[in-house]
Every structure is written in structure tokens, then in C-alpha cells.
$ cat target_28.txt   # compact mmCIF, C-alpha atoms
# COMPACT_ATOMS: atom_id res chain seq x y z
CA MET H 1 -1.52 -87.14 -35.55
CA LYS H 2 1.13 -85.28 -33.62
CA LYS H 3 0.43 -85.42 -29.92
CA VAL H 4 0.65 -81.68 -29.38
CA SER H 5 -1.02 -80.40 -32.56
CA LEU H 6 -4.44 -79.53 -31.14
CA PHE H 7 -2.92 -78.34 -27.87
CA LEU H 8 -0.64 -75.91 -29.71
CA MET H 9 -3.68 -74.46 -31.46
CA ALA H 10 -5.08 -73.79 -28.00
CA VAL H 11 -1.90 -72.11 -26.77
CA ALA H 12 -1.81 -69.85 -29.82
CA ALA H 13 -5.34 -68.69 -29.16
CA ILE H 14 -4.58 -67.97 -25.50
CA VAL H 15 -1.69 -65.77 -26.51
CA ALA H 16 -3.80 -63.96 -29.09
CA ALA H 17 -6.62 -63.38 -26.64
CA SER H 18 -4.38 -62.11 -23.87
CA CYS H 19 -2.28 -59.75 -25.94
CA THR H 20 -4.57 -56.84 -25.13
CA GLY H 21 -3.35 -57.11 -21.54
CA GLY H 22 -4.82 -58.55 -18.35
CA GLU H 23 -8.57 -59.03 -18.49
CA LYS H 24 -9.06 -56.60 -21.34
CA TYR H 25 -10.36 -58.09 -24.59
CA ALA H 26 -11.26 -56.57 -27.91
CA SER H 27 -14.74 -58.12 -27.77
CA ARG H 28 -16.97 -60.27 -25.62
CA ALA H 29 -16.49 -63.20 -27.98
CA GLU H 30 -12.72 -62.93 -27.61
CA LYS H 31 -13.06 -63.14 -23.84
CA ILE H 32 -15.20 -66.28 -24.11
CA VAL H 33 -12.71 -67.86 -26.52
CA ALA H 34 -9.89 -67.21 -24.05
CA GLN H 35 -11.97 -68.86 -21.33
CA ILE H 36 -12.55 -71.93 -23.52
CA HIS H 37 -8.80 -72.19 -24.01
CA ASP H 38 -8.05 -71.87 -20.30
CA PRO H 39 -8.35 -75.26 -18.54
CA SER H 40 -7.72 -73.64 -15.16
CA SER H 41 -10.79 -71.38 -15.35
CA LYS H 42 -13.54 -72.42 -12.95
CA ASP H 43 -16.19 -70.24 -14.57
CA VAL H 44 -18.84 -72.28 -16.35
CA ILE H 45 -19.46 -71.61 -20.02
CA VAL H 46 -23.16 -71.69 -20.89
CA ILE H 47 -24.18 -72.99 -24.31
CA SER H 48 -27.74 -72.36 -25.45
CA HIS H 49 -29.26 -75.21 -27.46
CA ARG H 50 -30.67 -73.79 -30.72
CA GLY H 51 -30.94 -70.36 -29.12
CA ASP H 52 -33.93 -69.13 -27.11
CA TRP H 53 -36.40 -71.57 -28.66
CA ARG H 54 -38.89 -71.15 -25.80
CA ASN H 55 -39.64 -67.60 -26.90
CA TRP H 56 -38.58 -67.58 -30.55
CA PRO H 57 -38.29 -70.07 -33.41
CA GLU H 58 -35.26 -72.30 -32.88
CA ASN H 59 -32.13 -71.47 -34.88
CA SER H 60 -33.59 -68.05 -35.79
CA ILE H 61 -32.00 -64.60 -35.63
CA PRO H 62 -34.28 -63.39 -32.77
CA ALA H 63 -33.46 -66.60 -30.85
CA ILE H 64 -29.77 -65.69 -31.16
CA GLU H 65 -30.30 -62.06 -30.15
CA SER H 66 -32.29 -63.18 -27.12
CA VAL H 67 -29.58 -65.45 -25.70
CA ILE H 68 -26.93 -62.79 -26.31
CA ALA H 69 -29.03 -60.43 -24.18
CA MET H 70 -29.27 -63.12 -21.46
CA GLY H 71 -25.49 -63.35 -21.20
CA VAL H 72 -25.14 -66.77 -22.81
CA ASP H 73 -21.57 -67.57 -23.90
CA VAL H 74 -22.12 -69.93 -26.83
CA MET H 75 -24.94 -70.26 -29.34
CA GLU H 76 -25.37 -73.84 -30.61
CA LEU H 77 -26.78 -74.19 -34.11
CA ASP H 78 -27.35 -76.84 -36.79
CA LEU H 79 -26.73 -76.70 -40.52
CA LYS H 80 -28.27 -78.05 -43.70
CA LEU H 81 -27.37 -77.41 -47.35
CA THR H 82 -29.89 -76.04 -49.86
CA LYS H 83 -30.31 -77.21 -53.44
CA ASP H 84 -28.15 -74.30 -54.59
CA SER H 85 -25.41 -75.09 -52.01
CA VAL H 86 -26.16 -72.45 -49.39
CA LEU H 87 -25.72 -73.35 -45.71
CA VAL H 88 -28.80 -72.52 -43.64
CA LEU H 89 -29.77 -73.00 -40.00
CA SER H 90 -31.94 -76.07 -39.59
CA HIS H 91 -31.79 -79.00 -37.21
CA ASP H 92 -34.11 -81.27 -39.19
CA ARG H 93 -33.57 -82.69 -42.65
CA THR H 94 -36.99 -81.31 -43.59
CA ILE H 95 -38.68 -77.96 -42.97
CA ASP H 96 -41.95 -79.60 -41.89
CA ARG H 97 -41.67 -79.09 -38.12
CA CYS H 98 -40.21 -75.59 -38.00
CA THR H 99 -41.90 -73.79 -40.92
CA ASN H 100 -45.24 -73.61 -42.68
CA GLY H 101 -43.73 -75.52 -45.61
CA LYS H 102 -43.00 -79.18 -46.28
CA GLY H 103 -40.08 -81.01 -47.85
CA ALA H 104 -36.35 -81.54 -47.48
CA VAL H 105 -34.09 -78.51 -47.16
CA SER H 106 -31.94 -79.96 -49.93
CA ASP H 107 -34.88 -79.86 -52.35
CA PHE H 108 -35.22 -76.06 -52.15
CA THR H 109 -33.10 -73.19 -53.37
CA LEU H 110 -32.46 -70.44 -50.83
CA ASP H 111 -34.95 -68.12 -52.54
CA SER H 112 -37.62 -70.82 -52.31
CA LEU H 113 -36.86 -71.48 -48.64
CA LYS H 114 -37.25 -67.80 -47.87
CA THR H 115 -40.88 -67.95 -49.00
CA PHE H 116 -41.72 -70.07 -45.94
CA ARG H 117 -42.15 -68.66 -42.44
CA LEU H 118 -40.73 -70.08 -39.25
CA LYS H 119 -42.94 -71.45 -36.49
CA ARG H 120 -42.55 -70.91 -32.75
CA ALA H 121 -42.21 -73.86 -30.39
CA HIS H 122 -45.98 -73.93 -29.82
CA ASN H 123 -46.56 -74.34 -33.58
CA VAL H 124 -47.72 -70.80 -34.35
CA VAL H 125 -46.49 -69.47 -37.69
CA THR H 126 -44.64 -66.15 -37.37
CA ASP H 127 -45.51 -63.14 -39.49
CA SER H 128 -42.13 -62.49 -41.06
CA LEU H 129 -39.37 -64.76 -39.76
CA HIS H 130 -37.56 -67.02 -42.21
CA ILE H 131 -34.80 -69.63 -42.08
CA PRO H 132 -31.53 -67.69 -41.86
CA THR H 133 -28.36 -68.53 -43.73
CA LEU H 134 -25.23 -69.35 -41.78
CA GLU H 135 -23.68 -66.14 -43.07
CA GLU H 136 -26.61 -64.07 -41.80
CA ALA H 137 -26.42 -65.73 -38.39
CA LEU H 138 -22.66 -65.33 -38.03
CA ALA H 139 -22.87 -61.67 -38.97
CA VAL H 140 -25.19 -61.20 -35.96
CA CYS H 141 -22.87 -63.22 -33.69
CA LYS H 142 -19.61 -61.55 -34.72
CA ASP H 143 -17.66 -60.33 -31.67
CA ARG H 144 -20.72 -60.88 -29.45
CA ILE H 145 -20.98 -64.61 -28.78
CA VAL H 146 -19.13 -67.81 -29.62
CA VAL H 147 -20.89 -70.16 -32.04
CA ASN H 148 -20.98 -73.94 -31.77
CA VAL H 149 -21.71 -75.74 -35.02
CA ASP H 150 -23.26 -79.05 -34.00
CA GLN H 151 -24.77 -80.71 -37.05
CA GLY H 152 -22.43 -79.47 -39.74
CA PHE H 153 -18.97 -81.02 -39.48
CA GLN H 154 -19.48 -82.60 -42.92
CA TYR H 155 -19.60 -79.06 -44.32
CA TYR H 156 -16.32 -78.02 -42.69
CA ASP H 157 -14.79 -76.47 -45.82
CA LEU H 158 -17.94 -74.53 -46.68
CA VAL H 159 -18.31 -73.28 -43.11
CA LEU H 160 -14.66 -72.21 -43.08
CA GLN H 161 -15.11 -70.20 -46.28
CA ILE H 162 -17.89 -68.21 -44.63
CA THR H 163 -16.10 -67.72 -41.30
CA GLU H 164 -12.96 -66.50 -43.06
CA LYS H 165 -15.01 -64.10 -45.19
CA LEU H 166 -16.60 -62.61 -42.06
CA GLY H 167 -13.47 -62.76 -39.92
CA VAL H 168 -15.08 -64.91 -37.23
CA THR H 169 -13.17 -68.20 -37.54
CA ASP H 170 -11.59 -67.85 -34.10
CA GLN H 171 -15.00 -67.65 -32.41
CA ILE H 172 -16.43 -70.81 -33.99
CA LEU H 173 -16.36 -74.18 -32.21
CA ILE H 174 -17.22 -77.17 -34.37
CA LYS H 175 -17.57 -80.72 -33.11
CA GLY H 176 -17.66 -84.24 -34.51
CA LYS H 177 -17.11 -87.94 -33.99
CA LYS H 178 -14.38 -88.54 -36.57
CA PRO H 179 -11.07 -90.22 -35.66
CA ALA H 180 -8.32 -87.88 -34.59
CA ARG H 181 -6.17 -88.63 -37.64
CA PHE H 182 -9.04 -87.71 -39.97
CA CYS H 183 -9.36 -84.36 -38.21
CA GLU H 184 -5.62 -83.75 -38.35
CA GLU H 185 -5.56 -84.32 -42.11
CA LEU H 186 -8.54 -82.03 -42.60
CA PHE H 187 -7.10 -79.21 -40.51
CA SER H 188 -3.65 -79.50 -42.10
CA LYS H 189 -5.10 -78.29 -45.40
CA ASN H 190 -5.85 -74.86 -43.95
CA GLU H 191 -3.71 -72.10 -42.51
CA HIS H 192 -6.54 -71.09 -40.19
CA ASN H 193 -9.04 -73.42 -38.53
CA MET H 194 -12.04 -73.27 -36.24
CA MET H 195 -11.84 -74.64 -32.71
CA TYR H 196 -12.64 -78.35 -32.59
CA MET H 197 -14.12 -80.67 -29.97
CA PRO H 198 -14.74 -84.43 -30.15
CA ILE H 199 -18.09 -85.91 -29.10
CA ILE H 200 -17.72 -88.98 -26.90
CA ASP H 201 -20.67 -91.33 -26.37
CA ILE H 202 -18.76 -93.04 -23.60
CA GLN H 203 -21.20 -95.92 -23.06
CA LYS H 204 -21.24 -96.88 -26.73
CA PRO H 205 -18.44 -98.93 -28.37
CA LYS H 206 -17.49 -96.31 -30.97
CA GLY H 207 -17.46 -93.59 -28.33
CA ARG H 208 -15.17 -95.59 -26.06
CA GLU H 209 -12.87 -96.36 -29.00
CA LEU H 210 -12.64 -92.68 -29.94
CA PHE H 211 -11.85 -91.62 -26.37
CA GLU H 212 -9.24 -94.36 -26.03
CA GLU H 213 -7.62 -93.19 -29.25
CA TYR H 214 -7.26 -89.64 -27.94
CA GLN H 215 -5.92 -90.92 -24.62
CA LYS H 216 -3.45 -93.33 -26.24
CA GLU H 217 -2.14 -90.69 -28.66
CA GLY H 218 -1.80 -88.15 -25.86
CA ILE H 219 -4.01 -85.67 -27.72
CA VAL H 220 -5.40 -82.84 -25.60
CA PRO H 221 -8.41 -81.22 -27.30
CA LEU H 222 -9.89 -78.00 -25.96
CA ALA H 223 -12.88 -79.92 -24.62
CA TYR H 224 -14.72 -83.20 -24.77
CA GLU H 225 -18.48 -83.41 -25.10
CA VAL H 226 -19.25 -86.52 -23.06
CA CYS H 227 -22.67 -88.16 -23.34
CA TRP H 228 -23.89 -90.97 -21.09
CA GLN H 229 -27.15 -92.69 -20.20
CA SER H 230 -26.46 -93.76 -16.61
CA LEU H 231 -23.76 -92.79 -14.14
CA THR H 232 -21.31 -95.68 -13.73
CA PRO H 233 -17.70 -95.97 -12.53
CA GLU H 234 -16.65 -96.10 -16.20
CA VAL H 235 -18.36 -92.78 -16.89
CA GLU H 236 -16.89 -91.12 -13.81
CA ASP H 237 -13.44 -92.41 -14.81
CA CYS H 238 -13.90 -90.74 -18.19
CA PHE H 239 -14.75 -87.44 -16.50
CA ARG H 240 -11.66 -87.69 -14.33
CA LYS H 241 -9.37 -88.39 -17.29
CA VAL H 242 -10.83 -85.50 -19.28
CA VAL H 243 -10.28 -82.98 -16.49
CA GLU H 244 -6.84 -84.30 -15.50
CA SER H 245 -5.66 -84.19 -19.12
CA GLY H 246 -6.23 -80.44 -19.30
CA SER H 247 -9.34 -80.51 -21.48
CA LYS H 248 -12.66 -78.97 -20.51
CA LEU H 249 -15.64 -81.22 -19.80
CA TRP H 250 -18.81 -80.38 -21.74
CA VAL H 251 -22.09 -81.85 -20.47
CA ASN H 252 -25.46 -81.69 -22.24
CA THR H 253 -28.26 -81.15 -19.73
CA ILE H 254 -30.83 -80.73 -22.51
CA TRP H 255 -32.12 -84.32 -22.38
CA GLY H 256 -31.90 -86.93 -19.66
CA SER H 257 -30.60 -89.54 -22.10
CA LEU H 258 -27.44 -87.47 -22.66
CA CYS H 259 -26.55 -86.86 -19.01
CA GLY H 260 -27.80 -89.70 -16.85
CA ASN H 261 -31.09 -87.84 -16.20
CA LEU H 262 -29.31 -84.83 -14.67
CA ASP H 263 -31.18 -82.57 -17.06
CA ASP H 264 -32.55 -79.01 -17.10
CA ASP H 265 -36.18 -79.93 -16.57
CA ARG H 266 -35.30 -82.06 -13.57
CA ALA H 267 -33.25 -79.19 -12.12
CA TYR H 268 -36.14 -76.80 -12.77
CA VAL H 269 -38.71 -79.05 -11.07
CA GLU H 270 -36.70 -80.77 -8.33
CA GLY H 271 -34.07 -78.15 -7.53
CA THR H 272 -30.64 -76.96 -8.55
CA GLU H 273 -28.96 -79.75 -6.60
CA VAL H 274 -29.14 -81.46 -9.99
CA TYR H 275 -26.72 -78.85 -11.37
CA ASP H 276 -24.57 -79.25 -8.24
CA LYS H 277 -24.10 -82.89 -9.21
CA VAL H 278 -23.22 -81.96 -12.80
CA LEU H 279 -20.56 -79.52 -11.57
CA SER H 280 -19.13 -82.12 -9.18
CA PHE H 281 -17.71 -83.99 -12.17
CA GLY H 282 -15.47 -81.03 -13.02
CA THR H 283 -17.85 -79.75 -15.70
CA THR H 284 -17.04 -76.25 -17.01
CA MET H 285 -19.20 -76.24 -20.16
CA ILE H 286 -22.95 -76.91 -20.06
CA GLN H 287 -25.32 -77.01 -23.01
CA THR H 288 -28.80 -76.14 -21.78
CA ASP H 289 -32.41 -75.72 -22.83
CA ARG H 290 -32.98 -73.32 -19.90
CA PRO H 291 -30.17 -70.78 -20.31
CA GLU H 292 -31.70 -68.02 -18.19
CA PHE H 293 -32.36 -70.41 -15.31
CA LEU H 294 -28.87 -71.93 -15.50
CA ILE H 295 -27.11 -68.56 -15.66
CA SER H 296 -29.05 -67.34 -12.61
CA TYR H 297 -27.93 -70.45 -10.69
CA LEU H 298 -24.30 -70.06 -11.76
CA ARG H 299 -24.18 -66.37 -10.89
CA LYS H 300 -25.39 -67.11 -7.37
CA LYS H 301 -22.46 -69.52 -7.04
CA GLY H 302 -19.98 -67.01 -8.48
CA LEU H 303 -19.37 -69.17 -11.55
CA HIS H 304 -20.64 -66.82 -14.27
CA ASP H 305 -20.34 -63.08 -14.75
$ encode --input "target_28.txt" --output "C-alpha cells"
Amino acid sequence: MKKVSLFLMAVAAIVAASCTGGEKYASRAEKIVAQIHDPSSKDVIVISHRGDWRNWPENSIPAIESVIAMGVDVMELDLKLTKDSVLVLSHDRTIDRCTNGKGAVSDFTLDSLKTFRLKRAHNVVTDSLHIPTLEEALAVCKDRIVVNVDQGFQYYDLVLQITEKLGVTDQILIKGKKPARFCEELFSKNEHNMMYMPIIDIQKPKGRELFEEYQKEGIVPLAYEVCWQSLTPEVEDCFRKVVESGSKLWVNTIWGSLCGNLDDDRAYVEGTEVYDKVLSFGTTMIQTDRPEFLISYLRKKGLHD
């Protein structure tokens, strides 16, 4: 992989986003994209994990609308493929937990899936909400919020077909754990690609190997999602290298096992000093299960509009 390939993609997007002049952008999503591409920005980008799942079914259209209203910057979602090759929003392989149906997503056609109703987090079946397709979700998100495709990198070509059809490719961030050369070959097939971010499990052998590859090759991705179980000098060294390289540092505060127990629930119960610690690493992207709480904290610190 050429050392500057991913970095040049970032530069191109910065130019495109700034061509409207100063701080004026054609849409809110365009402004967020420009912020993602700007390593010097100190504002913190808030990513909502599966939308507003506390008040609506996860990965549902109302869950997306709710976080847009909150001022969230990025909506994280997960994808599965139906029997008739339609991408739908679902974290689990089966529909058992989130709907009133049972079985694998891949065993149903889209029409069959639409006969089941989504359940809220407290297991109550909704009256009329159904699993949305990726196309339906992206139509809602267009120009309003950036979308992070988490589980779904294996469907890259299918996702790209939909984003190109809707004209939203520039506002989609997809992530994965594949080697850099694999990603370069994949992206080279297309004239237009989504933003990409590697996931680094820094305390696992494969995660360390992937990070070392990027560092050795001199590749500067837009951001790294770094996951760790306990804070060690090795982990802090990773943070430092990420920030100094010009990439953004993404931290998941959704579960303690992903962030050395510096998670949302701990911040909610014990105090926002937990978030202070997260920011001290140079973090400028946070995926959260408490988006409203996190945004309120960041606004008080002047780190979110």
C-alpha cells in the first residue's frame, strides 16, 4: 500500500468540505465529515451506539431520528444480509432478541422479516416498528448525520452500491480489522469510497500486529478505534502514536472491557471525571451508550456545539 493513499483521501475530503467557504457547509453531515478529516480539531465527535436504544428499539428509524435531535454526530449501526440479499439493520445473527420472531436473518426474505415487529430494550413489542433496510436508514440520515457501519465490512461492495445510489458515500465511515494491503486492493477497485478506519485491539496479538503494520508502512488513517482491557504503558504509547501521527483517536465507552473500565455507566454513577480521563489520552471520537449525557458534559467543556 502506498504510504500516502489513505491520507490523500482525507485531504481531498477536506478540500471538498471547505469549498463552500469558512465555516459554511452545505449540510450538517458535511460539517461533521470535515471535522473527522481535521486532526487539529479539538471538538469531540459523539457516536451513538445503535442509536437511542434506551428509548427506542436499537438500530431502528426512530432510534436514529432521536439521536439526530440530540445533536449526535455519528450513528453507529450493524448489518446483516437477508435470504434475498437485502442489507438490513441488525446487530445479532438472529432476530430473536430484538423482534417478536425467531430465526437467523439470513433465513428470511425482506418481506418475511417485515412481518415481525421490533422490541424495545425492556422487551416490549412495538405496535408497528420493523427492521429497516440499510437503504431506508441512509435515506433518513442523508445530509443530517454521519453513519458508522460497524458490523458490515464484509458487505463493502453492497453497501457502496447503496451509498452511491443515494449520494451519501462521503458521509459513511466503515471500519474493519483487515490488513492495510487488503483494504488498499479493495478500495482501488472503486472511483469513490467510503471513509475507512481500522479497529485495533491493542492488547491482543492480532491487534498489535495490525497497528505495527500501519506504523511501519507510514499509513495515516483518518482515525483508529483502539480497544483495551486495562490501562498499561503499552496502551498509552499506542494512544500517543495515534495522536502524533495525525489520526484521530476513537474510544468506545460503551463497555468497560473496551476502555479499561472508563465506561459510560461508571461516568454516570461516579462522575464525569471518568470522561476527563478518556479525553486526557487525546481522544476526539467517543462511541457512547449515553449520548445525551455525554453531549451535555462536552458542551459544558466547550468541546461540542
$ closest_atom_pairs --input "target_28.txt" --of "stretch 179-291 of chain H" --to "stretch 73-76 of chain H" --cutoff "12 Å" --atoms "only C-alpha atoms" --output "CSV"
residue,atom,partner,partner_atom,distance
H:Asn252,CA,H:Glu76,CA,11.5
H:Ile254,CA,H:Glu76,CA,12.0
H:Thr284,CA,H:Asp73,CA,12.0
H:Met285,CA,H:Val74,CA,9.6
H:Ile286,CA,H:Val74,CA,9.8
H:Gln287,CA,H:Glu76,CA,8.2
H:Thr288,CA,H:Glu76,CA,9.7
H:Asp289,CA,H:Glu76,CA,10.7
H:Pro291,CA,H:Asp73,CA,9.9
$ atom_distance --input "target_28.txt" --atom1 "atom CA of H:Glu191" --atom2 "atom CA of H:Gly207"
29.2 Å
$ atom_distance --input "target_28.txt" --atom1 "atom CA of H:Asp52" --atom2 "atom CA of H:Tyr297"
17.5 Å
$ closest_atom_pairs --input "target_28.txt" --of "stretch 184-255 of chain H" --to "stretch 150-154 of chain H" --cutoff "12 Å" --atoms "all atoms listed in the file" --output "CSV"
residue,atom,partner,partner_atom,distance
H:Leu186,CA,H:Phe153,CA,10.9
H:Met194,CA,H:Phe153,CA,10.9
H:Met195,CA,H:Phe153,CA,11.7
H:Tyr196,CA,H:Phe153,CA,9.7
H:Met197,CA,H:Asp150,CA,10.1
H:Pro198,CA,H:Asp150,CA,10.8
H:Ile199,CA,H:Asp150,CA,9.9
H:Glu225,CA,H:Asp150,CA,11.0
$ write_last_selection --input "target_28.txt" --atoms "C-alpha atoms" --output "PDB file, in the coordinates of the input"
ATOM      1  CA  LEU H 186      -8.540 -82.030 -42.600  1.00  0.00           C
ATOM      2  CA  MET H 194     -12.040 -73.270 -36.240  1.00  0.00           C
ATOM      3  CA  MET H 195     -11.840 -74.640 -32.710  1.00  0.00           C
ATOM      4  CA  TYR H 196     -12.640 -78.350 -32.590  1.00  0.00           C
ATOM      5  CA  MET H 197     -14.120 -80.670 -29.970  1.00  0.00           C
ATOM      6  CA  PRO H 198     -14.740 -84.430 -30.150  1.00  0.00           C
ATOM      7  CA  ILE H 199     -18.090 -85.910 -29.100  1.00  0.00           C
ATOM      8  CA  GLU H 225     -18.480 -83.410 -25.100  1.00  0.00           C
TER       9      GLU H 225
END
$ closest_residue --input "target_28.txt" --among "H:Val274, H:Leu160, H:Val46, H:Ile68" --to "H:Asn190" --atoms "only C-alpha atoms"
H:Leu160
$ closest_residue --input "target_28.txt" --among "H:Ile47, H:Leu113, H:Val33, H:Val235" --to "H:Val149" --atoms "only C-alpha atoms"
H:Ile47
$ atom_distance --input "target_28.txt" --atom1 "atom CA of H:Ala180" --atom2 "atom CA of H:Tyr214"
7.0 Å
$ residues_around --input "target_28.txt" --residues "H:Glu65" --least-positions-apart "2" --cutoff "12 Å" --atoms "all atoms listed in the file" --output "VMD selection string"
chain H and resid 48 50 to 53 55 to 63 67 to 72 74 to 75 137 to 142 144 to 145
$ residues_near_point --input "target_28.txt" --point "(-30.2, -69.0, -53.5)" --cutoff "12 Å" --atoms "all atoms listed in the file" --output "mmCIF file with C-alpha atoms, in the frame of the given file"
data_model
loop_
_atom_site.group_PDB
_atom_site.id
_atom_site.type_symbol
_atom_site.label_atom_id
_atom_site.label_comp_id
_atom_site.auth_asym_id
_atom_site.auth_seq_id
_atom_site.Cartn_x
_atom_site.Cartn_y
_atom_site.Cartn_z
ATOM 1 C CA LEU H 81 -27.370 -77.410 -47.350
ATOM 2 C CA THR H 82 -29.890 -76.040 -49.860
ATOM 3 C CA LYS H 83 -30.310 -77.210 -53.440
ATOM 4 C CA ASP H 84 -28.150 -74.300 -54.590
ATOM 5 C CA SER H 85 -25.410 -75.090 -52.010
ATOM 6 C CA VAL H 86 -26.160 -72.450 -49.390
ATOM 7 C CA LEU H 87 -25.720 -73.350 -45.710
ATOM 8 C CA VAL H 88 -28.800 -72.520 -43.640
ATOM 9 C CA SER H 106 -31.940 -79.960 -49.930
ATOM 10 C CA ASP H 107 -34.880 -79.860 -52.350
ATOM 11 C CA PHE H 108 -35.220 -76.060 -52.150
ATOM 12 C CA THR H 109 -33.100 -73.190 -53.370
ATOM 13 C CA LEU H 110 -32.460 -70.440 -50.830
ATOM 14 C CA ASP H 111 -34.950 -68.120 -52.540
ATOM 15 C CA SER H 112 -37.620 -70.820 -52.310
ATOM 16 C CA LEU H 113 -36.860 -71.480 -48.640
ATOM 17 C CA LYS H 114 -37.250 -67.800 -47.870
ATOM 18 C CA THR H 115 -40.880 -67.950 -49.000
ATOM 19 C CA PRO H 132 -31.530 -67.690 -41.860
ATOM 20 C CA THR H 133 -28.360 -68.530 -43.730
#
$ closest_residue --input "target_28.txt" --among "H:Ser245, H:Ser41, H:Gln203, H:Asp96" --to "H:Gly218" --atoms "all atoms listed in the file"
H:Ser245
$ build_atoms --input "target_28.txt" --residues "stretch 135-162 of chain H" --atoms "N, CA and C atoms" --output "PDB file, in the coordinates of the input"
ATOM      1  N   GLU H 135     -24.356 -67.435 -42.968  1.00  0.00           N
ATOM      2  CA  GLU H 135     -23.680 -66.140 -43.070  1.00  0.00           C
ATOM      3  C   GLU H 135     -24.472 -65.055 -42.345  1.00  0.00           C
ATOM      4  N   GLU H 136     -25.782 -65.051 -42.493  1.00  0.00           N
ATOM      5  CA  GLU H 136     -26.610 -64.070 -41.800  1.00  0.00           C
ATOM      6  C   GLU H 136     -26.495 -64.233 -40.287  1.00  0.00           C
ATOM      7  N   ALA H 137     -26.510 -65.467 -39.829  1.00  0.00           N
ATOM      8  CA  ALA H 137     -26.420 -65.730 -38.390  1.00  0.00           C
ATOM      9  C   ALA H 137     -25.074 -65.321 -37.825  1.00  0.00           C
ATOM     10  N   LEU H 138     -24.005 -65.654 -38.534  1.00  0.00           N
ATOM     11  CA  LEU H 138     -22.660 -65.330 -38.030  1.00  0.00           C
ATOM     12  C   LEU H 138     -22.402 -63.828 -38.039  1.00  0.00           C
ATOM     13  N   ALA H 139     -23.015 -63.125 -38.951  1.00  0.00           N
ATOM     14  CA  ALA H 139     -22.870 -61.670 -38.970  1.00  0.00           C
ATOM     15  C   ALA H 139     -23.467 -61.065 -37.695  1.00  0.00           C
ATOM     16  N   VAL H 140     -24.567 -61.643 -37.211  1.00  0.00           N
ATOM     17  CA  VAL H 140     -25.190 -61.200 -35.960  1.00  0.00           C
ATOM     18  C   VAL H 140     -24.297 -61.547 -34.764  1.00  0.00           C
ATOM     19  N   CYS H 141     -23.676 -62.720 -34.817  1.00  0.00           N
ATOM     20  CA  CYS H 141     -22.870 -63.220 -33.690  1.00  0.00           C
ATOM     21  C   CYS H 141     -21.482 -62.604 -33.599  1.00  0.00           C
ATOM     22  N   LYS H 142     -20.991 -62.031 -34.670  1.00  0.00           N
ATOM     23  CA  LYS H 142     -19.610 -61.550 -34.720  1.00  0.00           C
ATOM     24  C   LYS H 142     -19.266 -60.665 -33.532  1.00  0.00           C
ATOM     25  N   ASP H 143     -18.210 -61.047 -32.835  1.00  0.00           N
ATOM     26  CA  ASP H 143     -17.660 -60.330 -31.670  1.00  0.00           C
ATOM     27  C   ASP H 143     -18.563 -60.366 -30.445  1.00  0.00           C
ATOM     28  N   ARG H 144     -19.757 -60.946 -30.545  1.00  0.00           N
ATOM     29  CA  ARG H 144     -20.720 -60.880 -29.450  1.00  0.00           C
ATOM     30  C   ARG H 144     -20.896 -62.186 -28.693  1.00  0.00           C
ATOM     31  N   ILE H 145     -20.735 -63.306 -29.390  1.00  0.00           N
ATOM     32  CA  ILE H 145     -20.980 -64.610 -28.780  1.00  0.00           C
ATOM     33  C   ILE H 145     -20.243 -65.660 -29.592  1.00  0.00           C
ATOM     34  N   VAL H 146     -19.766 -66.696 -28.925  1.00  0.00           N
ATOM     35  CA  VAL H 146     -19.130 -67.810 -29.620  1.00  0.00           C
ATOM     36  C   VAL H 146     -20.223 -68.686 -30.219  1.00  0.00           C
ATOM     37  N   VAL H 147     -19.922 -69.318 -31.339  1.00  0.00           N
ATOM     38  CA  VAL H 147     -20.890 -70.160 -32.040  1.00  0.00           C
ATOM     39  C   VAL H 147     -20.395 -71.599 -32.059  1.00  0.00           C
ATOM     40  N   ASN H 148     -21.273 -72.515 -31.673  1.00  0.00           N
ATOM     41  CA  ASN H 148     -20.980 -73.940 -31.770  1.00  0.00           C
ATOM     42  C   ASN H 148     -21.769 -74.545 -32.920  1.00  0.00           C
ATOM     43  N   VAL H 149     -21.069 -75.034 -33.916  1.00  0.00           N
ATOM     44  CA  VAL H 149     -21.710 -75.740 -35.020  1.00  0.00           C
ATOM     45  C   VAL H 149     -21.815 -77.202 -34.626  1.00  0.00           C
ATOM     46  N   ASP H 150     -23.043 -77.663 -34.411  1.00  0.00           N
ATOM     47  CA  ASP H 150     -23.260 -79.050 -34.000  1.00  0.00           C
ATOM     48  C   ASP H 150     -23.410 -79.908 -35.252  1.00  0.00           C
ATOM     49  N   GLN H 151     -24.598 -79.986 -35.801  1.00  0.00           N
ATOM     50  CA  GLN H 151     -24.770 -80.710 -37.050  1.00  0.00           C
ATOM     51  C   GLN H 151     -24.186 -79.858 -38.171  1.00  0.00           C
ATOM     52  N   GLY H 152     -23.045 -80.272 -38.692  1.00  0.00           N
ATOM     53  CA  GLY H 152     -22.430 -79.470 -39.740  1.00  0.00           C
ATOM     54  C   GLY H 152     -20.972 -79.772 -40.010  1.00  0.00           C
ATOM     55  N   PHE H 153     -20.385 -80.727 -39.273  1.00  0.00           N
ATOM     56  CA  PHE H 153     -18.970 -81.020 -39.480  1.00  0.00           C
ATOM     57  C   PHE H 153     -18.694 -81.493 -40.903  1.00  0.00           C
ATOM     58  N   GLN H 154     -19.672 -82.138 -41.541  1.00  0.00           N
ATOM     59  CA  GLN H 154     -19.480 -82.600 -42.920  1.00  0.00           C
ATOM     60  C   GLN H 154     -19.337 -81.456 -43.906  1.00  0.00           C
ATOM     61  N   TYR H 155     -19.717 -80.248 -43.462  1.00  0.00           N
ATOM     62  CA  TYR H 155     -19.600 -79.060 -44.320  1.00  0.00           C
ATOM     63  C   TYR H 155     -18.400 -78.193 -43.920  1.00  0.00           C
ATOM     64  N   TYR H 156     -17.404 -78.798 -43.292  1.00  0.00           N
ATOM     65  CA  TYR H 156     -16.320 -78.020 -42.690  1.00  0.00           C
ATOM     66  C   TYR H 156     -15.741 -76.986 -43.655  1.00  0.00           C
ATOM     67  N   ASP H 157     -15.417 -77.393 -44.869  1.00  0.00           N
ATOM     68  CA  ASP H 157     -14.790 -76.470 -45.820  1.00  0.00           C
ATOM     69  C   ASP H 157     -15.715 -75.302 -46.173  1.00  0.00           C
ATOM     70  N   LEU H 158     -16.989 -75.594 -46.355  1.00  0.00           N
ATOM     71  CA  LEU H 158     -17.940 -74.530 -46.680  1.00  0.00           C
ATOM     72  C   LEU H 158     -18.111 -73.564 -45.513  1.00  0.00           C
ATOM     73  N   VAL H 159     -18.189 -74.132 -44.302  1.00  0.00           N
ATOM     74  CA  VAL H 159     -18.310 -73.280 -43.110  1.00  0.00           C
ATOM     75  C   VAL H 159     -17.082 -72.385 -42.993  1.00  0.00           C
ATOM     76  N   LEU H 160     -15.903 -72.964 -43.201  1.00  0.00           N
ATOM     77  CA  LEU H 160     -14.660 -72.210 -43.080  1.00  0.00           C
ATOM     78  C   LEU H 160     -14.594 -71.056 -44.083  1.00  0.00           C
ATOM     79  N   GLN H 161     -15.085 -71.282 -45.276  1.00  0.00           N
ATOM     80  CA  GLN H 161     -15.110 -70.200 -46.280  1.00  0.00           C
ATOM     81  C   GLN H 161     -15.896 -69.005 -45.764  1.00  0.00           C
ATOM     82  N   ILE H 162     -17.036 -69.288 -45.138  1.00  0.00           N
ATOM     83  CA  ILE H 162     -17.890 -68.210 -44.630  1.00  0.00           C
ATOM     84  C   ILE H 162     -17.249 -67.528 -43.420  1.00  0.00           C
TER      85      ILE H 162
END
